[in-house]
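Right, one structure below, let's go through it.
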Amino acid sequence: MAQAAVVQDSHDEIADTNTGISNRKLLMWVFLASDCLFFGSFIATYLVYRNESVVGPYPNEVLDIPITSVSTFVLLMSSLAMVLALNYLQKDRLGLTRFWILAVAALGLVFLGFQVVEFMTFVSEGLTIHQNLFGTTFFILTGFHGLHVFVGVLWLLGMAFAHFKGSLTSRSSEDLEMAGLYWHFVDIVWIVIFTVIYLIGFSDGEGIETIEHAATIIGG
Amino acid sequence: MANPISKAWRKLFYHDGDRYFLLPQVASAQPEPPNEGPFGDAGPRAVSWFTRITFGGRHATPFFYTVIGIILAVLTLLEVWLFTLDDLLGATFVPLMLFLALAKFIVVVAFFMHLRFDKNLLTLVFSSGFVIAIAVFMILLTVQGKVAPDPVIAP
């Protein structure tokens, strides 16, 4: 029985489609699945060229785990704020919805601020996108992630604007749900990046190019 | 109705056709009581508890999501703490880190992205993309010799 049964919680909605899922939501999930491939390729490329740089700076010389841990925490908490914003919108508590949407956007901007400072520090230490394989793969991966965060912030500010205009209500909570799905995806990508590039890759140093080069490294 | 543990227990140890141990047919070998077995009804109770707790999101409260957020924060702190012990952990460090990252990934996808509460088709769609990504990832690493690197031959 296909019918649009709009109830308090949008997850209980049965859309008037073959699958019972709204087309927009299905499309968003397909997009996120494809984005897994996008980021998966960059992460794989990073790992392929891991420990292959033959000139510095190397990961163990530039990565700052305490600072990145704080920015990771900020992004995680922004995900919590996002889900709270959606929850309150579904319950028609519009004041709290507005607060949490703006909180997500603010936390996203804080995360971007951390990333800009990190990039500037790296550049000042001599690590640019052209410097070595670590620089190229690192900046491309984290740069594209930062771009995703930036798009998410713009999207959320648009949502906040729609909210101020009064066009975002519990009836249209799916609009915010789409933005939320995108935002959480950005968060899970960072969970992987933080672990693989920062925590696991922190001790990476000089790459070994040739046997003679290896002998040079071993010989000090 | 017997739970899976009882069924497995009965299949192994009770006379039910030509099973492994041909015990005599006694009252205790009958399908009742439903939760007979070494752990009583612990299995179904645990499943019911897990379902109730994790399906709380159907009409989840902010408290529910806050608890999930705290769990994520604790997992992140645990990761960073383990990072400081990498010398001590040795070869277990990388698998442990990947396990914690996977746990956080699943928690966010299941609860914040609501896959736990949504239709299974969405889980299928997303996990398909994820599995293909991992497959491409592994193929690339294998082709480039990163999974099983070529041995260094001495000159």
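Chain labels run A, B, ... following the order of the structure tokens; each chain numbers its residues from 1, and ligands are numbered from 1 in the order shown.
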Using only C-alpha atoms, find the residues of chain A whose closest atom to chain B is at most 6 Å away, then write them as a ChimeraX atom specification. /A:33-34,36-37,40,44,80,181,188
Store the residues picked out above in a file with C-alpha atoms, as a tab-separated table (two decimals), in the first residue's frame.
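Okay, this is what ended up in out-v6.tsv:
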```tsv
chain	number	residue	atom	x	y	z
A	33	ALA	CA	28.10	5.38	-1.93
A	34	SER	CA	29.83	6.85	-4.99
A	36	CYS	CA	33.07	6.32	-0.89
A	37	LEU	CA	34.83	5.40	-4.13
A	40	GLY	CA	38.65	5.48	-1.20
A	44	ALA	CA	44.49	4.17	-1.46
A	80	LEU	CA	26.00	15.26	17.18
A	181	LEU	CA	23.39	12.77	5.66
A	188	ILE	CA	32.99	9.39	8.66
```
Write out as a list in words each polymer residue whose atoms come within 9 Å of region 129-133 of chain A, counting only C-alpha atoms; drop sequence neighbours fewer than 2 positions from it. Tyr46, Tyr49, Arg50, Asn51, Glu52, Ser53, Val54, Val55, Gly56, Pro57, Tyr58, Val123, Gly126, Leu127, Gly135, Thr136, Thr137, Phe138, Phe139 and Ile140 of chain A
Go ahead and write the selection's residues with C-alpha atoms as a short mmCIF file (atom, residue, chain, number, x, y, z; two decimals), in the first residue's frame.
```cif
data_model
loop_
_atom_site.label_atom_id
_atom_site.label_comp_id
_atom_site.auth_asym_id
_atom_site.auth_seq_id
_atom_site.Cartn_x
_atom_site.Cartn_y
_atom_site.Cartn_z
CA TYR A 46 48.10 7.97 -0.25
CA TYR A 49 52.91 6.32 -2.04
CA ARG A 50 53.35 6.00 1.71
CA ASN A 51 57.02 6.01 2.69
CA GLU A 52 58.01 6.72 -0.90
CA SER A 53 59.05 10.36 -0.51
CA VAL A 54 62.76 10.78 -0.99
CA VAL A 55 62.97 14.39 0.16
CA GLY A 56 61.44 15.92 3.29
CA PRO A 57 59.51 17.06 5.13
CA TYR A 58 58.18 13.64 6.13
CA VAL A 123 53.86 25.28 3.92
CA GLY A 126 58.54 23.49 3.45
CA LEU A 127 55.81 20.94 2.71
CA GLY A 135 52.78 16.49 0.19
CA THR A 136 50.94 15.74 -3.06
CA THR A 137 48.80 12.89 -1.72
CA PHE A 138 48.23 14.54 1.66
CA PHE A 139 47.10 17.92 0.32
CA ILE A 140 44.87 16.39 -2.35
#
```
Would you return as an NGL selection string the members of region 65-114 of chain B that DSSP assigns to alpha helix (DSSP H) on this structure's backbone? :B and (65-83 or 86-89 or 93-107)
Create the file for the chosen residues now, containing N, CA, C and O atoms and written as a short mmCIF file (atom, residue, chain, number, x, y, z; two decimals), in the first residue's frame.
```
data_model
loop_
_atom_site.label_atom_id
_atom_site.label_comp_id
_atom_site.auth_asym_id
_atom_site.auth_seq_id
_atom_site.Cartn_x
_atom_site.Cartn_y
_atom_site.Cartn_z
N TYR B 65 20.90 10.41 21.37
CA TYR B 65 21.96 10.85 20.47
C TYR B 65 23.17 11.37 21.23
O TYR B 65 24.31 11.22 20.79
N THR B 66 22.90 12.00 22.38
CA THR B 66 24.02 12.50 23.19
C THR B 66 24.87 11.33 23.69
O THR B 66 26.11 11.42 23.69
N VAL B 67 24.22 10.25 24.09
CA VAL B 67 24.96 9.07 24.53
C VAL B 67 25.83 8.54 23.39
O VAL B 67 27.01 8.20 23.58
N ILE B 68 25.26 8.51 22.20
CA ILE B 68 26.04 8.06 21.03
C ILE B 68 27.23 8.99 20.81
O ILE B 68 28.36 8.53 20.54
N GLY B 69 27.00 10.30 20.94
CA GLY B 69 28.08 11.27 20.79
C GLY B 69 29.18 11.05 21.82
O GLY B 69 30.37 11.13 21.50
N ILE B 70 28.79 10.75 23.06
CA ILE B 70 29.77 10.51 24.12
C ILE B 70 30.58 9.25 23.80
O ILE B 70 31.80 9.21 23.97
N ILE B 71 29.88 8.22 23.30
CA ILE B 71 30.59 6.98 22.92
C ILE B 71 31.64 7.28 21.85
O ILE B 71 32.78 6.82 21.93
N LEU B 72 31.27 8.10 20.87
CA LEU B 72 32.22 8.45 19.81
C LEU B 72 33.41 9.22 20.36
O LEU B 72 34.56 8.98 19.98
N ALA B 73 33.12 10.15 21.29
CA ALA B 73 34.20 10.94 21.88
C ALA B 73 35.15 10.03 22.67
O ALA B 73 36.38 10.17 22.58
N VAL B 74 34.58 9.08 23.40
CA VAL B 74 35.40 8.16 24.20
C VAL B 74 36.27 7.29 23.27
O VAL B 74 37.46 7.08 23.53
N LEU B 75 35.67 6.83 22.17
CA LEU B 75 36.44 6.01 21.22
C LEU B 75 37.60 6.83 20.63
O LEU B 75 38.70 6.31 20.44
N THR B 76 37.35 8.12 20.36
CA THR B 76 38.41 8.97 19.81
C THR B 76 39.53 9.16 20.84
O THR B 76 40.72 9.07 20.52
N LEU B 77 39.13 9.40 22.09
CA LEU B 77 40.13 9.54 23.16
C LEU B 77 40.94 8.26 23.31
O LEU B 77 42.17 8.30 23.49
N LEU B 78 40.26 7.13 23.20
CA LEU B 78 40.93 5.84 23.30
C LEU B 78 41.96 5.68 22.18
O LEU B 78 43.09 5.23 22.40
N GLU B 79 41.56 6.10 20.98
CA GLU B 79 42.48 6.04 19.83
C GLU B 79 43.73 6.86 20.10
O GLU B 79 44.85 6.39 19.87
N VAL B 80 43.51 8.10 20.57
CA VAL B 80 44.65 8.98 20.78
C VAL B 80 45.55 8.45 21.91
O VAL B 80 46.77 8.51 21.84
N TRP B 81 44.91 7.89 22.94
CA TRP B 81 45.69 7.30 24.04
C TRP B 81 46.51 6.11 23.56
O TRP B 81 47.70 5.99 23.88
N LEU B 82 45.88 5.24 22.76
CA LEU B 82 46.61 4.08 22.22
C LEU B 82 47.74 4.52 21.31
O LEU B 82 48.77 3.85 21.22
N PHE B 83 47.52 5.66 20.63
CA PHE B 83 48.56 6.19 19.74
C PHE B 83 49.84 6.48 20.52
O PHE B 83 50.95 6.27 20.02
N ASP B 86 52.10 3.27 20.99
CA ASP B 86 52.33 2.47 19.78
C ASP B 86 53.55 1.56 19.90
O ASP B 86 53.55 0.45 19.39
N ASP B 87 54.58 2.02 20.62
CA ASP B 87 55.77 1.17 20.78
C ASP B 87 55.43 -0.08 21.58
O ASP B 87 55.90 -1.18 21.30
N LEU B 88 54.58 0.12 22.58
CA LEU B 88 54.20 -0.98 23.46
C LEU B 88 53.31 -1.98 22.72
O LEU B 88 53.41 -3.19 22.89
N LEU B 89 52.43 -1.46 21.86
CA LEU B 89 51.46 -2.33 21.18
C LEU B 89 52.08 -3.11 20.03
O LEU B 89 51.58 -4.17 19.65
N PHE B 93 49.17 -2.56 16.89
CA PHE B 93 48.77 -1.15 16.84
C PHE B 93 47.86 -0.85 15.65
O PHE B 93 46.76 -0.30 15.81
N VAL B 94 48.31 -1.22 14.45
CA VAL B 94 47.54 -0.87 13.24
C VAL B 94 46.17 -1.57 13.22
O VAL B 94 45.14 -0.90 13.03
N PRO B 95 46.09 -2.90 13.47
CA PRO B 95 44.76 -3.53 13.49
C PRO B 95 43.83 -2.92 14.54
O PRO B 95 42.64 -2.75 14.30
N LEU B 96 44.42 -2.57 15.69
CA LEU B 96 43.61 -1.98 16.76
C LEU B 96 43.04 -0.62 16.34
O LEU B 96 41.86 -0.32 16.55
N MET B 97 43.88 0.18 15.71
CA MET B 97 43.45 1.50 15.23
C MET B 97 42.35 1.36 14.17
O MET B 97 41.35 2.08 14.19
N LEU B 98 42.56 0.40 13.26
CA LEU B 98 41.57 0.21 12.19
C LEU B 98 40.25 -0.29 12.78
O LEU B 98 39.16 0.10 12.34
N PHE B 99 40.34 -1.14 13.80
CA PHE B 99 39.12 -1.64 14.45
C PHE B 99 38.34 -0.49 15.11
O PHE B 99 37.12 -0.39 14.96
N LEU B 100 39.07 0.39 15.80
CA LEU B 100 38.40 1.51 16.47
C LEU B 100 37.78 2.47 15.44
O LEU B 100 36.67 2.98 15.63
N ALA B 101 38.51 2.70 14.33
CA ALA B 101 37.97 3.56 13.28
C ALA B 101 36.71 2.94 12.68
O ALA B 101 35.71 3.63 12.44
N LEU B 102 36.75 1.63 12.48
CA LEU B 102 35.58 0.94 11.92
C LEU B 102 34.39 1.03 12.88
O LEU B 102 33.25 1.24 12.46
N ALA B 103 34.69 0.89 14.18
CA ALA B 103 33.62 0.99 15.18
C ALA B 103 32.96 2.36 15.13
O ALA B 103 31.73 2.49 15.13
N LYS B 104 33.78 3.41 15.05
CA LYS B 104 33.23 4.78 14.98
C LYS B 104 32.43 4.97 13.69
O LYS B 104 31.35 5.56 13.70
N PHE B 105 32.98 4.45 12.62
CA PHE B 105 32.32 4.54 11.31
C PHE B 105 30.92 3.92 11.40
O PHE B 105 29.92 4.52 10.99
N ILE B 106 30.86 2.72 11.96
CA ILE B 106 29.58 2.00 12.03
C ILE B 106 28.59 2.73 12.94
O ILE B 106 27.40 2.86 12.63
N VAL B 107 29.09 3.25 14.06
CA VAL B 107 28.19 3.95 14.99
C VAL B 107 27.58 5.18 14.31
O VAL B 107 26.37 5.42 14.40
#
```
Skip Ala162 (chain A) itself and residues of its chain fewer than 6 positions away, then list as a PyMOL selection string all residues within 12 Å of it, counting only C-alpha atoms. chain A and resi 94+97-98+101+155-156+168-169+172-173+175-176
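Note that CA of Gly108 (chain A) and CA of Ser71 (chain A) are 9.6 Å apart.
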